[in-house]
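Student: I have a structure here, written as structure tokens, and I will follow up with some questions on it.
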Amino acid sequence: MSSQAVDDYAVEQTLEEVSIAYRLQHMELKCEGEPFDLRRYPYLIAPYDDDSDDIVMRKGGQMGMTILCVLRTIMRCKYMYPRGVLYLMPTKDDVSDFSKGRFDRIMRENPKLAAMVSGTDAAHIKRIGNALVYFRGVKSRSQLKSIPVDGIVYDEYDEMDMSMVALADKRLDGSSFQHRFKISTPTIPEFGIDWDYLQSDQKVWKIKCQHCNHWTCMELSFPDCLLRLKDNNVIRCCVKCKKKIDPINGEWVATQPGKSSSGYWVSQLNSDRKSPKIILDDYENPRTVISEFYNHRLAMSYADLDDLLDDKALNACCRDDFREPQSTSETVMGADVGKNDIHYVIARKVSPSNLMTLDYAKLVDGDSGTAFEQLHDKIIRYNVKRCVIDEMAETRSVREFKDNHPEVAGCWYNPSQRKEYDWNYHTQTVTVNRTESLDASHRAITRTEVTFPRPDEGWKGFCQQMKNLARQRITDDKTGQSKVVWVVRGVKNDHFRHAWNYLCISASDAPVSSGAPGGRRRSKLVKRPGSFMSA
Ligand SMILES: [Zn+2]
């Protein structure tokens with residue numbers, strides 16, 4: 001939409017239908033000391049008036065998007081919603097900071113807006129017309145109960161606990177709108193806002209060159225869309241003729257039209273708050289943290305091998321020979337228990353720091369017995385001497401199984417457990433720190449301390465699940481310190497990854513298997529220090 005589009009946009013509409021962007025543009029608002037002027041941010045016009053049920057905005061850092069979320073919320077409560085909006089932030093502290101700081105400042109700067117809002121003394125609830133806006137931290141389950149609303153804003157979606165997001169979604173039940181607006185700086189690939197954007201129509205901002213009429217999308221053509229001039233200044237340029245282009249001559253283009261959710265990709269490349277020179281200098285600076293550059297400047301997800309397994313890393317662990325159907329020498333096992341199925345992985349410990357995977361599969365309740373009966377057969381057939389099973393999900397059935405299997409230990413996660421795994425042979429349990437154990441079982445693969453059987457028809461599905469967990473750095477609410485968590489990407493399907501984790505925990509408590517060959521790796525073995533033994 002061009003710079004005049006704000007005005008043009010409204011001409012085609014009746015007075016009742018007049019756009020929110022048009023109304024706001026003509027309210028002469030101020031925004032943190034500066035006049036609110038959508039002509040400077042033409043890419044924000046469409047999001048203000050987008051009436052899709054699901055809107056996803058994958059954005060860069062410090063883009064001034066809070067004002068969009070707040071104004072959009074106020075205008076929708078005033079003119080559209082009978083019940084109101086649940087405005088969610090990651091934590092309660094975020095809500096307090098926001099409410100006392102930014103929201104109140106916007107109200108002070110804009111008497112016209114403040115006149116629409118009552119109950120401004122109450123920090124976490126505002127009345128606008130007949131509708132209410134509830135500002136809530138997503139951490140607290142009780143804060144999300146019994147609030148009927150028409151719309152939910154998820155501000156910094158990637159920092160939210162996804163089980164709480166599902167709980168919050170229920171607040172829309174019974175509304176005739178059911179509008180969800182998710183906005184976040186992305187973190188890791190196919191997680192959170194990145195996953196949702198990939199399911200959407202994936203709109204990108206395309207800029208028309210005033211010289212050659214070619215359309216350039218800055219995000220899709222970075223870094224070719226930036227040009228350093230002789231005087232060291234940097235301009236946004238047409239990828240075809242290399243002349244200067246201006247984001248105000250742009251429009252949103254859906255790269256996956258026909259999808260029901262509406263997705264926007266808003267990076268710093270189009271922002272008039274961030275000069276192209278700062279962005280290119282940062283990109284060319286060898287000290288720049290690459291993940292932060294991608295996430296904050298380009299609004300793109302990013303992960304390296306420390307955070308996320310890929311096919312290359314998994315394939316590098318494959319050997320020439322096939323799965324073994326049984327074993328006479330001792331083996332170790334890990335199993336992830338579901339409602340009607342069990343995923344297991346079996347390996348031989350061939351050296352203090354090397355594992356040779358013999359078999360992996362999913363057992364399902366059926367003609368060949370219950371999944372637990374089939375697991376028992378595997379334990380006998382493979383001479384399993386140590387087995388770790390997730391005890392947290394299906395506690396009763398796992399305890400029953402343990403009664404007849406002294407080699408089996410139930411695994412419990414405890415966030416305050418440090419370094420060593422805590423084995424209790426009397427209760428047949430092992431307590432581990434989830435993050436540290438997942439780190440260790442991840443490293444076993446990236447350091448190629450493990451071999452897998454030659455890829456067969458089961459390999460692709462195994463790899464998919466192994467890749468479905470990723471390492472994410474988040475801020476701890478209590479301490480304010482940065483911490484690491486392993487999160488599920490996309491659709492939850494990570495059973496083999498957990499079975500693999502339990503296997504590595506098993507192996508840490510088992511001796512090296514006697515008298516069995518280790519099997520040859522296909523690609524060259526790269527030995528690095530450390531092992532899965534140490535968490
Ligand atoms: Zn051009």
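Ordered as shown in the structure tokens, chains take letters A, B, and onward, while each chain numbers its residues from 1 and ligands are numbered from 1 in the order shown.
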If you run DSSP on this backbone, which residues of range 49-268 of chain A come out as alpha helix (DSSP H), and could you give them as a short mmCIF file (atom, residue, chain, number, x, y, z; two decimals) with N, CA and C atoms, in the first residue's frame?
Tutor:
```
data_model
loop_
_atom_site.label_atom_id
_atom_site.label_comp_id
_atom_site.auth_asym_id
_atom_site.auth_seq_id
_atom_site.Cartn_x
_atom_site.Cartn_y
_atom_site.Cartn_z
N ASP A 49 -6.33 -3.58 10.26
CA ASP A 49 -7.69 -3.85 9.80
C ASP A 49 -7.93 -5.29 9.39
N MET A 65 6.11 -2.46 18.05
CA MET A 65 4.87 -3.16 17.74
C MET A 65 3.88 -3.15 18.89
N THR A 66 4.36 -2.79 20.10
CA THR A 66 3.45 -2.73 21.23
C THR A 66 2.32 -1.75 20.96
N ILE A 67 2.68 -0.63 20.34
CA ILE A 67 1.67 0.39 20.04
C ILE A 67 0.60 -0.18 19.11
N LEU A 68 1.04 -1.00 18.15
CA LEU A 68 0.08 -1.65 17.24
C LEU A 68 -0.89 -2.51 18.05
N CYS A 69 -0.34 -3.34 18.94
CA CYS A 69 -1.18 -4.26 19.72
C CYS A 69 -2.16 -3.49 20.60
N VAL A 70 -1.68 -2.41 21.22
CA VAL A 70 -2.53 -1.65 22.14
C VAL A 70 -3.64 -0.92 21.38
N LEU A 71 -3.26 -0.21 20.32
CA LEU A 71 -4.27 0.57 19.58
C LEU A 71 -5.29 -0.34 18.91
N ARG A 72 -4.80 -1.46 18.39
CA ARG A 72 -5.69 -2.42 17.75
C ARG A 72 -6.71 -2.94 18.77
N THR A 73 -6.22 -3.22 19.96
CA THR A 73 -7.08 -3.73 21.03
C THR A 73 -8.13 -2.68 21.44
N ILE A 74 -7.69 -1.44 21.64
CA ILE A 74 -8.62 -0.39 22.07
C ILE A 74 -9.71 -0.17 21.02
N MET A 75 -9.29 -0.07 19.74
CA MET A 75 -10.26 0.24 18.68
C MET A 75 -11.24 -0.91 18.49
N ARG A 76 -10.76 -2.15 18.63
CA ARG A 76 -11.66 -3.29 18.45
C ARG A 76 -12.66 -3.38 19.61
N CYS A 77 -12.20 -3.04 20.80
CA CYS A 77 -13.12 -3.05 21.95
C CYS A 77 -14.16 -1.94 21.80
N LYS A 78 -13.72 -0.82 21.29
CA LYS A 78 -14.62 0.33 21.13
C LYS A 78 -15.67 0.06 20.04
N TYR A 79 -15.25 -0.50 18.91
CA TYR A 79 -16.14 -0.55 17.75
C TYR A 79 -16.63 -1.94 17.36
N LYS A 92 3.76 -12.26 34.84
CA LYS A 92 3.04 -11.25 35.60
C LYS A 92 3.85 -9.95 35.68
N ASP A 93 5.18 -10.10 35.84
CA ASP A 93 6.03 -8.92 35.91
C ASP A 93 5.97 -8.12 34.62
N ASP A 94 5.94 -8.85 33.47
CA ASP A 94 5.81 -8.16 32.19
C ASP A 94 4.54 -7.31 32.18
N VAL A 95 3.45 -7.87 32.74
CA VAL A 95 2.17 -7.16 32.75
C VAL A 95 2.28 -5.89 33.58
N SER A 96 2.88 -6.00 34.78
CA SER A 96 3.00 -4.83 35.66
C SER A 96 3.84 -3.74 35.00
N ASP A 97 5.00 -4.15 34.45
CA ASP A 97 5.88 -3.18 33.79
C ASP A 97 5.14 -2.48 32.65
N PHE A 98 4.43 -3.28 31.87
CA PHE A 98 3.74 -2.76 30.70
C PHE A 98 2.63 -1.81 31.11
N ASP A 104 0.19 3.35 30.33
CA ASP A 104 -0.16 4.62 30.96
C ASP A 104 0.44 5.80 30.20
N ARG A 105 1.62 5.60 29.65
CA ARG A 105 2.24 6.68 28.89
C ARG A 105 1.43 7.00 27.62
N ILE A 106 0.99 5.95 26.96
CA ILE A 106 0.17 6.16 25.76
C ILE A 106 -1.11 6.94 26.13
N MET A 107 -1.69 6.60 27.28
CA MET A 107 -2.91 7.29 27.73
C MET A 107 -2.64 8.77 28.04
N ARG A 108 -1.50 9.00 28.75
CA ARG A 108 -1.15 10.38 29.10
C ARG A 108 -0.92 11.23 27.85
N GLU A 109 -0.28 10.62 26.85
CA GLU A 109 0.05 11.37 25.64
C GLU A 109 -1.18 11.65 24.78
N PRO A 111 -5.10 12.21 25.14
CA PRO A 111 -6.37 12.38 25.85
C PRO A 111 -7.55 11.79 25.08
N LYS A 112 -7.49 11.81 23.76
CA LYS A 112 -8.60 11.25 22.97
C LYS A 112 -8.76 9.76 23.21
N LEU A 113 -7.64 9.08 23.37
CA LEU A 113 -7.70 7.64 23.67
C LEU A 113 -8.11 7.42 25.12
N ALA A 114 -7.52 8.23 26.00
CA ALA A 114 -7.81 8.08 27.43
C ALA A 114 -9.30 8.26 27.71
N MET A 162 3.43 -23.38 26.00
CA MET A 162 2.41 -23.73 25.01
C MET A 162 1.18 -24.42 25.61
N SER A 163 1.33 -25.09 26.78
CA SER A 163 0.15 -25.71 27.39
C SER A 163 -0.78 -24.63 27.93
N MET A 164 -0.19 -23.51 28.37
CA MET A 164 -1.00 -22.40 28.85
C MET A 164 -1.69 -21.69 27.69
N VAL A 165 -1.02 -21.65 26.55
CA VAL A 165 -1.62 -21.05 25.35
C VAL A 165 -2.90 -21.80 24.99
N ALA A 166 -2.84 -23.14 25.06
CA ALA A 166 -4.02 -23.96 24.74
C ALA A 166 -5.14 -23.67 25.74
N LEU A 167 -4.77 -23.47 27.00
CA LEU A 167 -5.76 -23.15 28.04
C LEU A 167 -6.41 -21.79 27.77
N ALA A 168 -5.59 -20.81 27.40
CA ALA A 168 -6.09 -19.46 27.14
C ALA A 168 -7.06 -19.46 25.96
N ASP A 169 -6.76 -20.27 24.93
CA ASP A 169 -7.60 -20.34 23.73
C ASP A 169 -9.07 -20.64 24.08
N ILE A 193 6.18 -18.91 17.03
CA ILE A 193 5.69 -17.98 16.00
C ILE A 193 6.18 -18.42 14.61
N ASP A 194 7.36 -19.02 14.54
CA ASP A 194 7.90 -19.46 13.26
C ASP A 194 7.02 -20.58 12.68
N TRP A 195 6.65 -21.53 13.52
CA TRP A 195 5.77 -22.62 13.08
C TRP A 195 4.42 -22.04 12.60
N ASP A 196 3.85 -21.13 13.41
CA ASP A 196 2.55 -20.56 13.04
C ASP A 196 2.63 -19.75 11.75
N TYR A 197 3.74 -19.02 11.57
CA TYR A 197 3.89 -18.26 10.32
C TYR A 197 3.97 -19.22 9.13
N LEU A 198 4.67 -20.33 9.31
CA LEU A 198 4.81 -21.30 8.21
C LEU A 198 3.47 -21.97 7.86
N GLN A 199 2.53 -22.00 8.81
CA GLN A 199 1.20 -22.55 8.52
C GLN A 199 0.28 -21.49 7.90
N MET A 218 12.78 -7.32 0.72
CA MET A 218 14.04 -7.15 1.45
C MET A 218 14.42 -8.43 2.20
N GLU A 219 13.43 -9.02 2.90
CA GLU A 219 13.72 -10.18 3.75
C GLU A 219 14.19 -11.37 2.92
N LEU A 220 13.54 -11.58 1.75
CA LEU A 220 13.87 -12.76 0.94
C LEU A 220 15.15 -12.56 0.14
N SER A 221 15.61 -11.31 -0.01
CA SER A 221 16.81 -11.11 -0.83
C SER A 221 17.98 -10.56 -0.01
#
```
Student: What are the closest atom pairs, with distances in Å to one decimal, for all residues of chain A lying within 10 Å of ligand 1? Consider only C-alpha atoms and all ligand atoms, order rows by chain and residue number, and present the result as JSON lines.
Tutor:
```
{"residue": "A:Ile207", "atom": "CA", "partner": "ligand 1", "partner_atom_place_in_ligand_line": "1 (Zn)", "distance": 9.9}
{"residue": "A:Lys208", "atom": "CA", "partner": "ligand 1", "partner_atom_place_in_ligand_line": "1 (Zn)", "distance": 7.8}
{"residue": "A:Cys209", "atom": "CA", "partner": "ligand 1", "partner_atom_place_in_ligand_line": "1 (Zn)", "distance": 4.6}
{"residue": "A:Gln210", "atom": "CA", "partner": "ligand 1", "partner_atom_place_in_ligand_line": "1 (Zn)", "distance": 6.7}
{"residue": "A:His211", "atom": "CA", "partner": "ligand 1", "partner_atom_place_in_ligand_line": "1 (Zn)", "distance": 5.1}
{"residue": "A:Cys212", "atom": "CA", "partner": "ligand 1", "partner_atom_place_in_ligand_line": "1 (Zn)", "distance": 4.1}
{"residue": "A:Asn213", "atom": "CA", "partner": "ligand 1", "partner_atom_place_in_ligand_line": "1 (Zn)", "distance": 5.9}
{"residue": "A:His214", "atom": "CA", "partner": "ligand 1", "partner_atom_place_in_ligand_line": "1 (Zn)", "distance": 5.2}
{"residue": "A:Trp215", "atom": "CA", "partner": "ligand 1", "partner_atom_place_in_ligand_line": "1 (Zn)", "distance": 7.7}
{"residue": "A:Thr216", "atom": "CA", "partner": "ligand 1", "partner_atom_place_in_ligand_line": "1 (Zn)", "distance": 8.4}
{"residue": "A:Cys237", "atom": "CA", "partner": "ligand 1", "partner_atom_place_in_ligand_line": "1 (Zn)", "distance": 7.7}
{"residue": "A:Cys238", "atom": "CA", "partner": "ligand 1", "partner_atom_place_in_ligand_line": "1 (Zn)", "distance": 4.6}
{"residue": "A:Val239", "atom": "CA", "partner": "ligand 1", "partner_atom_place_in_ligand_line": "1 (Zn)", "distance": 6.8}
{"residue": "A:Lys240", "atom": "CA", "partner": "ligand 1", "partner_atom_place_in_ligand_line": "1 (Zn)", "distance": 5.2}
{"residue": "A:Cys241", "atom": "CA", "partner": "ligand 1", "partner_atom_place_in_ligand_line": "1 (Zn)", "distance": 4.1}
{"residue": "A:Lys242", "atom": "CA", "partner": "ligand 1", "partner_atom_place_in_ligand_line": "1 (Zn)", "distance": 6.1}
{"residue": "A:Lys243", "atom": "CA", "partner": "ligand 1", "partner_atom_place_in_ligand_line": "1 (Zn)", "distance": 5.7}
{"residue": "A:Lys244", "atom": "CA", "partner": "ligand 1", "partner_atom_place_in_ligand_line": "1 (Zn)", "distance": 7.8}
{"residue": "A:Ile245", "atom": "CA", "partner": "ligand 1", "partner_atom_place_in_ligand_line": "1 (Zn)", "distance": 7.8}
```
Student: Would you work out the distance separating CA of Val364 in chain A from CA of Val384 in chain A, expressed in Å to one decimal?
Tutor: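 Between CA of Val364 in chain A and CA of Val384 in chain A the gap is 19.9 Å.
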Student: Can you pull out the residues contacting Ala131 in chain A? Cut-off 9 Å, using only C-alpha atoms, and skip same-chain residues under 4 positions away; I want them as a list in words.
Tutor: Cys77, Lys78, Tyr81, Pro82, Arg83, Gly84, Val85, Lys126, Arg127 and Val149 of chain A
Student: Calculated over only C-alpha atoms, which of the candidates A:Gly334, A:Asp494, A:Gly263, A:His343 has the smallest distance to Ala409 in chain A?
Tutor: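 Among the listed residues, A:Gly334 lies closest to Ala409 in chain A.
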Student: Mind pulling up the distance from CA of Val266 in chain A to CA of Ile152 in chain A?
Tutor: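 Atom-to-atom, CA of Ile152 in chain A and CA of Val266 in chain A are spaced 20.2 Å apart.
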Student: With DSSP run on the backbone, what are the strand (DSSP E or B) residues within range 292-334 of chain A? I'd like them as a ChimeraX atom specification.
Tutor: /A:318-319,331-334
Student: Keeping only C-alpha atoms, write the selected residues to a file as a PDB file, in the first residue's frame.
Tutor:
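So the final result, stored in again_31.pdb, reads:
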```
ATOM      1  CA  CYS A 318      24.931 -44.616  10.490  1.00  0.00           C
ATOM      2  CA  ARG A 319      26.952 -47.819   9.913  1.00  0.00           C
ATOM      3  CA  THR A 331      22.659 -54.296  26.147  1.00  0.00           C
ATOM      4  CA  VAL A 332      20.935 -51.188  27.495  1.00  0.00           C
ATOM      5  CA  MET A 333      17.490 -49.813  26.652  1.00  0.00           C
ATOM      6  CA  GLY A 334      15.423 -46.635  26.852  1.00  0.00           C
TER       7      GLY A 334
END
```
Student: Check which residues of range 424-535 of chain A sit at most 12 Å from range 178-191 of chain A using only C-alpha atoms, and return one row each with the closest pair of atoms and their distance in Å to one decimal, ordered by chain and rising number, as a tab-separated table.
Tutor:
```
residue	atom	partner	partner_atom	distance
A:Lys467	CA	A:Glu190	CA	10.7
A:Asn468	CA	A:Glu190	CA	9.1
A:Leu469	CA	A:Phe191	CA	9.4
A:Ala470	CA	A:Ile188	CA	7.4
A:Arg471	CA	A:Ile188	CA	8.1
A:Gln472	CA	A:Ile188	CA	7.1
A:Arg473	CA	A:Thr187	CA	8.8
A:Ile474	CA	A:Thr187	CA	9.9
A:Val485	CA	A:Ile188	CA	12.0
A:Trp486	CA	A:Ile188	CA	10.9
A:Val487	CA	A:Phe191	CA	8.1
A:Val488	CA	A:Phe191	CA	7.2
A:Arg489	CA	A:Phe191	CA	4.5
A:Gly490	CA	A:Glu190	CA	5.6
A:Val491	CA	A:Phe191	CA	9.2
A:Lys492	CA	A:Phe191	CA	10.6
```
Student: Would you kindly return, as an NGL selection string, each protein, DNA or RNA residue with an atom no farther than 7 Å from any atom of His296 in chain A, considering only C-alpha atoms and excluding same-chain residues fewer than 4 positions away?
Tutor: :A and (60-61 or 185 or 292)
Student: Can those selected residues be exported to a file as a compact mmCIF listing (two decimals), in the first residue's frame so that it contains N, CA and C atoms?
Tutor:
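Writing the result to out_10.txt gives the following:
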```txt
# COMPACT_ATOMS: atom_id res chain seq x y z
N GLY A 60 10.77 -8.49 14.05
CA GLY A 60 12.10 -8.25 14.59
C GLY A 60 12.02 -7.62 15.97
N GLY A 61 13.17 -7.40 16.59
CA GLY A 61 13.22 -6.80 17.92
C GLY A 61 13.06 -5.29 17.84
N THR A 185 9.05 -12.09 18.38
CA THR A 185 10.33 -12.25 17.72
C THR A 185 10.58 -13.75 17.66
N GLU A 292 21.18 -14.03 17.22
CA GLU A 292 20.49 -12.77 17.57
C GLU A 292 20.26 -11.91 16.35
```
Student: Choose the residue, out of A:Thr255, A:Ser441, A:Asn493, A:Thr475, that has the smallest atom-to-atom separation from Ser506 in chain A; count only C-alpha atoms.
Tutor: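 Distance minimum relative to Ser506 in chain A lands on A:Ser441.
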Student: From the options A:Ala361, A:Ile235, A:Ala46, A:Cys225, which residue's atoms come nearest to Val253 in chain A, counting only C-alpha atoms?
Tutor: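 Of A:Ala361, A:Ile235, A:Ala46, A:Cys225, the one nearest Val253 in chain A, counting only C-alpha atoms, is A:Ala46.
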Student: Find the distance between CA of Phe462 in chain A and CA of Pro352 in chain A and write it in Å to one decimal.
Tutor: 24.9 Å
